[in-house]
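Here's final38.json, which has JSON, C-alpha atoms:
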```
[["chain", "number", "residue", "atom", "x", "y", "z"],
["A", 120, "MET", "CA", 0.00, 0.00, 0.00],
["A", 121, "PHE", "CA", 2.71, 2.47, 0.99],
["A", 122, "THR", "CA", 4.69, 1.67, -2.16],
["A", 123, "SER", "CA", 1.60, 2.39, -4.27],
["A", 124, "CYS", "CA", 1.05, 5.80, -2.63],
["A", 125, "LYS", "CA", 4.69, 6.69, -3.03],
["A", 126, "THR", "CA", 4.62, 5.71, -6.69],
["A", 127, "ARG", "CA", 1.46, 7.74, -7.28],
["A", 128, "SER", "CA", 3.00, 10.80, -5.59],
["A", 129, "ALA", "CA", 6.08, 10.46, -7.74],
["A", 130, "GLU", "CA", 3.91, 10.32, -10.83],
["A", 131, "VAL", "CA", 2.17, 13.56, -9.84],
["A", 132, "ARG", "CA", 5.51, 15.28, -9.19],
["A", 133, "ASP", "CA", 6.68, 14.19, -12.64],
["A", 134, "ARG", "CA", 3.69, 15.75, -14.35],
["A", 135, "ALA", "CA", 3.02, 19.31, -15.55],
["A", 136, "PHE", "CA", -0.73, 19.94, -15.76],
["A", 137, "ILE", "CA", -1.76, 21.92, -18.83],
["A", 138, "ARG", "CA", -4.18, 24.76, -18.08],
["A", 139, "CYS", "CA", -4.50, 26.42, -21.48],
["A", 140, "ILE", "CA", -3.41, 25.35, -24.96],
["A", 141, "GLY", "CA", -3.37, 27.04, -28.36],
["A", 142, "VAL", "CA", -3.71, 24.83, -31.43],
["A", 143, "GLU", "CA", -3.24, 25.95, -35.04],
["A", 144, "GLU", "CA", -2.15, 24.61, -38.39],
["A", 145, "ARG", "CA", 0.96, 25.91, -40.13],
["A", 146, "GLU", "CA", 2.59, 24.41, -43.22],
["A", 147, "ASN", "CA", 0.51, 21.22, -42.89],
["A", 148, "GLN", "CA", 1.64, 20.65, -39.30],
["A", 149, "GLU", "CA", -0.06, 21.19, -35.96],
["A", 150, "TYR", "CA", 1.49, 23.79, -33.67],
["A", 151, "VAL", "CA", 0.66, 23.92, -29.96],
["A", 152, "SER", "CA", 1.37, 26.60, -27.36],
["A", 153, "ILE", "CA", 0.98, 25.55, -23.75],
["A", 154, "LYS", "CA", 0.59, 27.18, -20.34],
["A", 155, "ILE", "CA", 0.68, 25.00, -17.24],
["A", 156, "PHE", "CA", -0.87, 25.32, -13.79],
["A", 157, "GLY", "CA", 1.48, 27.00, -11.33],
["A", 158, "GLY", "CA", 3.88, 28.13, -14.05],
["A", 159, "ASP", "CA", 5.18, 31.62, -14.74],
["A", 160, "ALA", "CA", 2.45, 33.69, -16.42],
["A", 161, "SER", "CA", 4.74, 34.55, -19.32],
["A", 162, "GLU", "CA", 6.14, 31.03, -19.76],
["A", 163, "VAL", "CA", 4.79, 29.14, -22.79],
["A", 164, "TYR", "CA", 5.93, 25.76, -24.10],
["A", 165, "SER", "CA", 5.65, 25.18, -27.85],
["A", 166, "GLY", "CA", 5.74, 22.12, -30.07],
["A", 167, "LYS", "CA", 4.84, 20.94, -33.54],
["A", 168, "GLY", "CA", 3.89, 17.60, -35.08],
["A", 169, "GLU", "CA", 1.69, 15.81, -37.56],
["A", 170, "THR", "CA", -1.12, 15.61, -34.99],
["A", 171, "VAL", "CA", -2.12, 17.68, -31.96],
["A", 172, "PHE", "CA", -0.93, 15.02, -29.51],
["A", 173, "SER", "CA", 2.41, 14.48, -31.24],
["A", 174, "ALA", "CA", 2.91, 18.26, -31.06],
["A", 175, "ILE", "CA", 2.18, 18.14, -27.31],
["A", 176, "GLU", "CA", 4.72, 15.34, -26.87],
["A", 177, "ASN", "CA", 7.33, 17.39, -28.70],
["A", 178, "ALA", "CA", 6.58, 20.36, -26.42],
["A", 179, "GLU", "CA", 7.60, 18.18, -23.47],
["A", 180, "THR", "CA", 11.22, 18.48, -24.58],
["A", 181, "MET", "CA", 11.17, 22.15, -23.51],
["A", 182, "GLN", "CA", 10.87, 21.16, -19.82],
["A", 183, "SER", "CA", 11.50, 18.14, -17.61],
["A", 184, "LYS", "CA", 7.98, 16.92, -16.82],
["A", 185, "ASN", "CA", 5.35, 14.94, -18.68],
["A", 186, "LEU", "CA", 2.57, 17.21, -19.96],
["A", 187, "PHE", "CA", -0.83, 16.05, -18.68],
["A", 188, "THR", "CA", -3.91, 17.04, -20.76],
["A", 189, "GLY", "CA", -6.67, 15.81, -18.46],
["A", 190, "HIS", "CA", -7.18, 19.15, -16.64],
["A", 191, "ILE", "CA", -7.10, 21.58, -19.59],
["A", 192, "GLU", "CA", -9.51, 24.46, -18.98],
["A", 193, "GLN", "CA", -9.38, 26.24, -22.34],
["A", 194, "ILE", "CA", -8.35, 25.44, -25.90],
["A", 195, "ILE", "CA", -7.72, 28.29, -28.34],
["A", 196, "ILE", "CA", -8.13, 26.97, -31.87],
["A", 197, "GLY", "CA", -6.62, 28.92, -34.74],
["A", 198, "ARG", "CA", -6.17, 28.04, -38.39],
["A", 199, "GLY", "CA", -7.24, 24.64, -39.66],
["A", 200, "ASN", "CA", -10.30, 22.40, -39.78],
["A", 201, "LEU", "CA", -12.28, 22.96, -36.57],
["A", 202, "SER", "CA", -14.34, 19.78, -36.67],
["A", 203, "GLU", "CA", -11.31, 17.54, -37.28],
["A", 204, "LYS", "CA", -9.36, 19.14, -34.44],
["A", 205, "LEU", "CA", -12.20, 18.71, -31.94],
["A", 206, "GLU", "CA", -12.81, 15.10, -32.99],
["A", 207, "THR", "CA", -9.09, 14.34, -32.66],
["A", 208, "MET", "CA", -8.94, 15.82, -29.17],
["A", 209, "LEU", "CA", -11.72, 13.52, -27.98],
["A", 210, "SER", "CA", -10.53, 10.45, -29.87],
["A", 211, "ASN", "CA", -8.48, 8.88, -27.06],
["A", 212, "ASN", "CA", -10.15, 10.31, -23.93],
["A", 213, "ARG", "CA", -7.09, 12.36, -22.98],
["A", 214, "ILE", "CA", -9.01, 15.66, -23.02],
["A", 215, "THR", "CA", -12.36, 16.11, -21.28],
["A", 216, "PRO", "CA", -15.40, 16.92, -23.50],
["A", 217, "ALA", "CA", -16.26, 19.66, -20.99],
["A", 218, "CYS", "CA", -13.11, 21.64, -21.86],
["A", 219, "HIS", "CA", -13.98, 25.15, -23.04],
["A", 220, "VAL", "CA", -13.11, 26.28, -26.57],
["A", 221, "ILE", "CA", -12.27, 29.67, -28.10],
["A", 222, "CYS", "CA", -11.70, 30.19, -31.82],
["A", 223, "THR", "CA", -9.61, 32.81, -33.55],
["A", 224, "GLU", "CA", -8.40, 33.68, -37.04],
["A", 225, "GLU", "CA", -5.32, 35.27, -35.51],
["A", 226, "ASN", "CA", -2.12, 33.81, -34.07],
["A", 227, "ALA", "CA", -3.14, 31.38, -31.32],
["A", 228, "GLU", "CA", 0.39, 31.26, -29.91],
["A", 229, "LYS", "CA", 0.45, 35.04, -29.44],
["A", 230, "ILE", "CA", -2.90, 34.96, -27.65],
["A", 231, "VAL", "CA", -1.74, 32.24, -25.26],
["A", 232, "LYS", "CA", 1.44, 34.16, -24.49],
["A", 233, "GLU", "CA", -0.14, 37.55, -23.91],
["A", 234, "SER", "CA", -3.52, 36.78, -22.33],
["A", 235, "ASP", "CA", -4.97, 35.17, -19.21],
["A", 236, "ILE", "CA", -7.64, 33.37, -21.22],
["A", 237, "PRO", "CA", -9.21, 31.21, -18.46],
["A", 238, "SER", "CA", -9.86, 34.22, -16.21],
["A", 239, "THR", "CA", -11.09, 36.44, -19.05],
["A", 240, "LEU", "CA", -13.50, 33.81, -20.39],
["A", 241, "SER", "CA", -14.91, 33.07, -16.95],
["A", 242, "SER", "CA", -15.49, 36.76, -16.21],
["A", 243, "CYS", "CA", -17.17, 37.49, -19.57],
["A", 244, "ALA", "CA", -19.40, 34.42, -19.28],
["A", 245, "ARG", "CA", -20.59, 35.49, -15.81],
["A", 246, "LYS", "CA", -21.49, 38.94, -17.16],
["A", 247, "GLY", "CA", -23.36, 37.49, -20.12],
["A", 248, "THR", "CA", -21.22, 39.23, -22.72],
["A", 249, "ILE", "CA", -20.32, 35.82, -24.16],
["A", 250, "MET", "CA", -21.46, 32.22, -23.63],
["A", 251, "ASP", "CA", -18.84, 29.62, -22.80],
["A", 252, "ARG", "CA", -18.90, 26.51, -24.98],
["A", 253, "SER", "CA", -17.36, 23.10, -24.43],
["A", 254, "ILE", "CA", -15.94, 20.71, -27.02],
["A", 255, "SER", "CA", -19.07, 18.57, -26.74],
["A", 256, "ASP", "CA", -21.37, 21.64, -27.12],
["A", 257, "ILE", "CA", -19.67, 22.65, -30.36],
["A", 258, "LEU", "CA", -19.53, 19.17, -31.85],
["A", 259, "ARG", "CA", -23.20, 18.68, -31.04],
["A", 260, "GLY", "CA", -23.99, 21.78, -33.13],
["A", 261, "LEU", "CA", -21.68, 20.77, -35.97],
["A", 262, "LYS", "CA", -23.35, 17.35, -36.11],
["A", 263, "SER", "CA", -26.88, 18.80, -36.00],
["A", 264, "GLU", "CA", -29.04, 19.34, -39.07],
["A", 265, "CYS", "CA", -27.82, 22.95, -39.47],
["A", 266, "GLU", "CA", -24.16, 21.81, -39.20],
["A", 267, "MET", "CA", -23.22, 25.00, -37.36],
["A", 268, "SER", "CA", -22.54, 26.18, -33.83],
["A", 269, "VAL", "CA", -21.59, 29.27, -31.88],
["A", 270, "VAL", "CA", -18.34, 29.71, -29.96],
["A", 271, "PRO", "CA", -16.40, 32.51, -28.22],
["A", 272, "VAL", "CA", -14.08, 34.24, -30.68],
["A", 273, "ILE", "CA", -11.03, 36.44, -30.13],
["A", 274, "GLU", "CA", -10.58, 39.17, -32.72],
["A", 275, "GLY", "CA", -7.98, 41.84, -31.92],
["A", 276, "GLU", "CA", -8.64, 43.01, -28.36],
["A", 277, "SER", "CA", -12.25, 41.77, -28.37],
["A", 278, "LEU", "CA", -13.78, 38.58, -27.02],
["A", 279, "THR", "CA", -17.22, 38.06, -28.56],
["A", 280, "MET", "CA", -19.18, 35.17, -30.07],
["A", 281, "GLY", "CA", -18.91, 33.76, -33.57],
["A", 282, "ILE", "CA", -20.79, 31.39, -35.85],
["A", 283, "VAL", "CA", -18.69, 28.40, -36.90],
["A", 284, "SER", "CA", -18.97, 25.52, -39.35],
["A", 285, "GLY", "CA", -16.73, 22.45, -39.51],
["A", 286, "ASN", "CA", -14.18, 24.47, -41.47],
["A", 287, "GLY", "CA", -13.91, 27.25, -38.86],
["A", 288, "ILE", "CA", -15.27, 30.76, -38.30],
["A", 289, "GLU", "CA", -18.05, 31.89, -40.63],
["A", 290, "LYS", "CA", -19.04, 35.13, -38.91],
["A", 291, "VAL", "CA", -17.70, 37.14, -35.96],
["A", 292, "LEU", "CA", -20.58, 38.68, -34.03],
["A", 293, "ASN", "CA", -20.66, 42.10, -32.42],
["A", 294, "ASP", "CA", -21.26, 42.78, -28.72],
["A", 295, "GLU", "CA", -25.04, 43.15, -29.02],
["A", 296, "GLU", "CA", -25.44, 39.95, -31.04],
["A", 297, "SER", "CA", -23.23, 38.08, -28.55],
["A", 298, "LYS", "CA", -25.23, 39.31, -25.56],
["A", 299, "GLY", "CA", -28.47, 38.35, -27.33],
["A", 300, "ILE", "CA", -27.24, 34.76, -27.65],
["A", 301, "SER", "CA", -26.59, 34.66, -23.90],
["A", 302, "TRP", "CA", -30.06, 36.06, -23.18],
["A", 303, "LEU", "CA", -31.80, 33.52, -25.40],
["A", 304, "ASN", "CA", -29.91, 30.67, -23.75],
["A", 305, "GLY", "CA", -30.86, 31.78, -20.23],
["A", 306, "ARG", "CA", -27.27, 32.54, -19.27],
["A", 307, "ILE", "CA", -27.84, 35.97, -17.67],
["A", 308, "SER", "CA", -27.64, 36.25, -13.87],
["A", 309, "ASP", "CA", -26.23, 38.52, -11.18],
["A", 310, "THR", "CA", -25.36, 41.33, -13.56],
["A", 311, "VAL", "CA", -26.25, 44.89, -14.51],
["A", 312, "LEU", "CA", -28.00, 46.00, -17.70],
["A", 313, "ALA", "CA", -27.27, 49.63, -18.62],
["A", 314, "LEU", "CA", -30.53, 51.21, -19.79],
["A", 315, "ASP", "CA", -28.96, 54.59, -20.49],
["A", 316, "ARG", "CA", -25.96, 56.58, -19.26],
["A", 317, "ASN", "CA", -27.61, 57.25, -15.90],
["A", 318, "THR", "CA", -29.78, 54.18, -15.32],
["A", 319, "ASP", "CA", -28.77, 50.64, -14.39],
["A", 320, "PHE", "CA", -31.05, 47.63, -14.17],
["A", 321, "HIS", "CA", -29.92, 44.95, -11.72],
["A", 322, "ILE", "CA", -30.69, 41.40, -12.85],
["A", 323, "ALA", "CA", -30.74, 38.52, -10.36],
["A", 324, "THR", "CA", -31.59, 35.61, -12.68],
["A", 325, "SER", "CA", -33.16, 34.87, -16.05],
["A", 326, "ASN", "CA", -34.54, 31.85, -17.84],
["A", 327, "VAL", "CA", -35.92, 31.07, -21.29],
["A", 328, "LYS", "CA", -38.66, 28.82, -22.63],
["A", 329, "ILE", "CA", -38.93, 27.95, -26.32],
["A", 330, "LYS", "CA", -42.14, 26.96, -28.06],
["A", 331, "THR", "CA", -42.51, 25.96, -31.70],
["A", 332, "GLU", "CA", -45.60, 25.95, -33.88],
["A", 333, "VAL", "CA", -46.36, 25.17, -37.51],
["A", 334, "LYS", "CA", -49.29, 27.07, -39.01],
["A", 335, "GLN", "CA", -51.34, 26.61, -42.17],
["A", 336, "ASP", "CA", -48.73, 28.47, -44.24],
["A", 337, "ASP", "CA", -46.33, 25.57, -43.39],
["A", 338, "ARG", "CA", -43.90, 28.01, -41.78],
["A", 339, "LEU", "CA", -42.18, 27.42, -38.49],
["A", 340, "TYR", "CA", -43.05, 29.87, -35.71],
["A", 341, "ILE", "CA", -40.55, 30.12, -32.87],
["A", 342, "ASP", "CA", -41.50, 31.79, -29.60],
["A", 343, "PHE", "CA", -38.90, 32.73, -27.01],
["A", 344, "GLU", "CA", -40.28, 33.55, -23.56],
["A", 345, "VAL", "CA", -37.63, 35.34, -21.48],
["A", 346, "SER", "CA", -38.34, 35.69, -17.75],
["A", 347, "VAL", "CA", -36.22, 38.05, -15.65],
["A", 348, "GLN", "CA", -35.95, 38.33, -11.89],
["A", 349, "ALA", "CA", -34.81, 41.88, -11.14],
["A", 350, "GLU", "CA", -33.72, 43.76, -8.03],
["A", 351, "ASN", "CA", -35.38, 47.06, -7.01],
["A", 352, "SER", "CA", -37.31, 47.30, -10.27],
["A", 353, "ASN", "CA", -40.24, 49.61, -11.05],
["A", 354, "GLY", "CA", -42.69, 50.06, -13.90],
["A", 355, "GLU", "CA", -40.71, 52.59, -15.93],
["A", 356, "LYS", "CA", -37.38, 50.78, -15.56],
["A", 357, "ASN", "CA", -39.07, 47.47, -16.33],
["A", 358, "ASN", "CA", -40.42, 48.79, -19.62],
["A", 359, "LEU", "CA", -37.02, 50.18, -20.62],
["A", 360, "ALA", "CA", -35.36, 46.90, -19.70],
["A", 361, "ILE", "CA", -37.89, 44.86, -21.69],
["A", 362, "GLU", "CA", -37.23, 46.90, -24.84],
["A", 363, "LYS", "CA", -33.46, 46.70, -24.33],
["A", 364, "ILE", "CA", -33.54, 42.92, -23.89],
["A", 365, "LYS", "CA", -35.83, 42.51, -26.92],
["A", 366, "ASP", "CA", -33.39, 44.52, -29.04],
["A", 367, "LEU", "CA", -30.47, 42.32, -27.94],
["A", 368, "CYS", "CA", -32.43, 39.14, -28.64],
["A", 369, "LYS", "CA", -33.50, 40.42, -32.06],
["A", 370, "SER", "CA", -29.92, 41.22, -33.02],
["A", 371, "ALA", "CA", -28.97, 37.60, -32.20],
["A", 372, "THR", "CA", -31.88, 35.96, -34.04],
["A", 373, "ASP", "CA", -31.45, 38.22, -37.08],
["A", 374, "VAL", "CA", -27.90, 37.02, -37.70],
["A", 375, "CYS", "CA", -28.05, 33.45, -36.33],
["A", 376, "ILE", "CA", -31.46, 32.33, -37.56],
["A", 377, "TYR", "CA", -32.39, 34.59, -40.49],
["A", 378, "GLU", "CA", -28.95, 35.17, -42.03],
["A", 379, "TYR", "CA", -27.12, 31.89, -41.34],
["A", 380, "GLY", "CA", -29.78, 29.36, -40.36],
["A", 381, "CYS", "CA", -27.74, 28.53, -37.29],
["A", 382, "ASP", "CA", -29.55, 26.94, -34.36],
["A", 383, "SER", "CA", -27.67, 28.13, -31.29],
["A", 384, "PHE", "CA", -30.78, 28.00, -29.09],
["A", 385, "GLY", "CA", -31.91, 24.36, -28.96],
["A", 386, "ILE", "CA", -34.69, 24.79, -31.54],
["A", 387, "GLU", "CA", -33.96, 21.45, -33.24],
["A", 388, "ASN", "CA", -34.45, 19.53, -29.99],
["A", 389, "LYS", "CA", -37.74, 21.34, -29.33],
["A", 390, "LEU", "CA", -38.97, 20.58, -32.84],
["A", 391, "LYS", "CA", -38.18, 16.89, -32.45],
["A", 392, "LEU", "CA", -40.44, 16.84, -29.39],
["A", 393, "GLN", "CA", -43.12, 19.37, -30.31],
["A", 394, "GLN", "CA", -43.36, 19.10, -34.12],
["A", 395, "THR", "CA", -41.94, 15.65, -34.88],
["A", 396, "LYS", "CA", -43.71, 15.11, -38.21],
["A", 397, "PHE", "CA", -42.74, 18.56, -39.52],
["A", 398, "PHE", "CA", -39.12, 18.10, -38.44],
["A", 399, "ASN", "CA", -38.77, 14.70, -40.10],
["A", 400, "GLU", "CA", -40.21, 16.09, -43.34],
["A", 401, "HIS", "CA", -37.91, 19.14, -43.39],
["A", 402, "LYS", "CA", -34.70, 18.09, -41.63],
["A", 403, "ASP", "CA", -32.75, 17.81, -44.89],
["A", 404, "ASN", "CA", -33.22, 21.56, -45.49],
["A", 405, "PHE", "CA", -33.37, 22.61, -41.85],
["A", 406, "ARG", "CA", -31.25, 25.74, -42.33],
["A", 407, "GLU", "CA", -33.68, 27.05, -44.95],
["A", 408, "VAL", "CA", -36.57, 26.28, -42.60],
["A", 409, "LEU", "CA", -34.90, 28.43, -39.94],
["A", 410, "LYS", "CA", -34.16, 31.25, -42.38],
["A", 411, "ASN", "CA", -37.84, 31.36, -43.40],
["A", 412, "SER", "CA", -39.25, 30.99, -39.89],
["A", 413, "VAL", "CA", -41.09, 33.61, -37.84],
["A", 414, "VAL", "CA", -39.34, 34.46, -34.57],
["A", 415, "ARG", "CA", -41.19, 36.17, -31.72],
["A", 416, "THR", "CA", -39.70, 37.18, -28.38],
["A", 417, "GLU", "CA", -41.64, 38.02, -25.23],
["A", 418, "VAL", "CA", -39.87, 39.40, -22.15],
["A", 419, "LYS", "CA", -41.37, 39.46, -18.65],
["A", 420, "VAL", "CA", -39.78, 41.17, -15.65],
["A", 421, "ASN", "CA", -40.69, 40.12, -12.11]]
```
Would you write out, as structure tokens, the structure that this file holds?
Amino acid sequence: MFTSCKTRSAEVRDRAFIRCIGVEERENQEYVSIKIFGGDASEVYSGKGETVFSAIENAETMQSKNLFTGHIEQIIIGRGNLSEKLETMLSNNRITPACHVICTEENAEKIVKESDIPSTLSSCARKGTIMDRSISDILRGLKSECEMSVVPVIEGESLTMGIVSGNGIEKVLNDEESKGISWLNGRISDTVLALDRNTDFHIATSNVKIKTEVKQDDRLYIDFEVSVQAENSNGEKNNLAIEKIKDLCKSATDVCIYEYGCDSFGIENKLKLQQTKFFNEHKDNFREVLKNSVVRTEVKVN
């Protein structure tokens, strides 16, 4: 027993636990940039190889410990095929499906070196300015009928949301569109909504219900019901907040649903349950169904 514990402790001491990793394709090879738990904030280990995991193994030569991938918090994915990279990372159970993902069209290595990505992502997600997404979340969207998903995106100094396909980023969203996605996924809590330069609206929690309906015109009608629990609210502030939230939600549905036919709200799952016959008849052109749908949003403040 004591020998086993000693061996296990030695194994832990011999490991460096990866916290954040950048992955990108250059000259038909995978490049990785790695930050470890407890390491110097400016210290990054780099490696390259034919696959992501061979690149990680080559990065081990830059320090004395084995690099352990099981506790990675964030992956920043740059150039290359997004779907293939995510599938590869899950292929041998060395990276958890719950690991959060950020995409970028810029230099992933530079972002890893210069930014505290885990802290930034966590803070923005709490405020509702972006919605964190795991490997499994993104792959679920890419394997859905619309073959698209949404993911946090770094562009310059900004962290917003973006629409992605299997090949990578299709559209980088602005702040309002990104916030609208968070609202329509019920991710807003314990935050402040600025109604104007002098008025704040304090939000405790929010949740969303989605209903689908098919009418005689054979069009899909999608109803979002957003419920907000607010602190110290009153009639006038409530009305201003409702209009503000509706505007944010509309900006998200305009680009995601009407422009790209991207289901980032769980509509497909609702259709399968609520309108099974309609879904089965139209799933082969589901993106066009979304683009031609009627979206309605109702906001209630309590």
For this session: Identify, on the basis of only C-alpha atoms, every residue whose closest approach to range 243-251 of chain A does not exceed 10 Å; exclude the query and any residue fewer than 2 positions from it along the same chain; express the result as a ChimeraX atom specification.
Result: /A:218-221,238-241,253,256,269-272,278-281,294-302,304-312
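Computed from the coordinates, the CA of Cys368 in chain A to CA of Phe398 in chain A distance equals 24.2 Å.
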Exercise. Excluding same-chain residues fewer than 2 positions from Ile155 in chain A, what lies within 6 Å of it counting only C-alpha atoms, as a PyMOL selection string?
Worked result: chain A and resi 136-138+158
Exercise. With all atoms listed in the file as the basis for distance, which of A:Val333, A:Ile140, A:Ile257, A:Ile214 is at the shortest distance from Pro237 in chain A?
Worked result: A:Ile140
For this session: Rounded to one decimal place, report the CA of Asn358 in chain A-CA of Val374 in chain A distance in Å.
Result: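 According to the coordinates, CA of Asn358 in chain A and CA of Val374 in chain A are separated by 24.9 Å.
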Problem set entry | Residue among A:Ser277, A:Gln348, A:Thr170, A:Asn226 lying closest to Ile361 in chain A, counting only C-alpha atoms |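 Among the listed residues, A:Gln348 lies closest to Ile361 in chain A.
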For this session: Would you please work out which residue, of A:Gly285, A:Gly166, A:Gly260, A:Gly199, is nearest to Ile153 in chain A when using all atoms listed in the file?
Result: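 Under the stated criterion, the closest residue is A:Gly166.
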For this session: Select all residues near (-25.8, 28.4, -37.7) (cut-off 8 Å, inclusive, file coordinates), counting all atoms listed in the file, and output them as a PyMOL selection string.
Result: chain A and resi 265-269+282-284+375-376+379-383+406
Selection to disk with C-alpha atoms, as an mmCIF file, in the frame of the given file:
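Printed below is selection13.cif as written:
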```
data_model
loop_
_atom_site.group_PDB
_atom_site.id
_atom_site.type_symbol
_atom_site.label_atom_id
_atom_site.label_comp_id
_atom_site.auth_asym_id
_atom_site.auth_seq_id
_atom_site.Cartn_x
_atom_site.Cartn_y
_atom_site.Cartn_z
ATOM 1 C CA CYS A 265 -27.820 22.950 -39.470
ATOM 2 C CA GLU A 266 -24.160 21.810 -39.200
ATOM 3 C CA MET A 267 -23.220 25.000 -37.360
ATOM 4 C CA SER A 268 -22.540 26.180 -33.830
ATOM 5 C CA VAL A 269 -21.590 29.270 -31.880
ATOM 6 C CA ILE A 282 -20.790 31.390 -35.850
ATOM 7 C CA VAL A 283 -18.690 28.400 -36.900
ATOM 8 C CA SER A 284 -18.970 25.520 -39.350
ATOM 9 C CA CYS A 375 -28.050 33.450 -36.330
ATOM 10 C CA ILE A 376 -31.460 32.330 -37.560
ATOM 11 C CA TYR A 379 -27.120 31.890 -41.340
ATOM 12 C CA GLY A 380 -29.780 29.360 -40.360
ATOM 13 C CA CYS A 381 -27.740 28.530 -37.290
ATOM 14 C CA ASP A 382 -29.550 26.940 -34.360
ATOM 15 C CA SER A 383 -27.670 28.130 -31.290
ATOM 16 C CA ARG A 406 -31.250 25.740 -42.330
#
```
Exercise. Between A:Lys204, A:Lys356, A:His190, A:Lys262, which is the closest to Phe172 in chain A once you count only C-alpha atoms?
Worked result: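 Smallest distance to Phe172 in chain A is found for A:Lys204.
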For this session: Enter the distance from CA of Arg198 in chain A to CA of Glu228 in chain A, in Å, rounded to one decimal.
Result: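 Going from CA of Arg198 in chain A over to CA of Glu228 in chain A covers 11.2 Å.
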For this session: Have a look at A:Met208, A:Leu390, A:Met181, A:Val347 and name the one nearest to Glu417 in chain A; count all atoms listed in the file.
Result: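 Selected residue with least distance to Glu417 in chain A: A:Val347.
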For this session: Tell me which of A:Thr331, A:Asn185, A:Thr180, A:Asn411 sits closest to Thr395 in chain A, counting only C-alpha atoms.
Result: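 Residue with the minimum atom-to-atom distance to Thr395 in chain A: A:Thr331.
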Problem set entry | Selection: 12 Å around Lys402 in chain A, only C-alpha atoms, excl. self and same-chain fewer than 5 positions, as a ChimeraX atom specification | /A:263-266,387-388,390-391,394-397,407-409
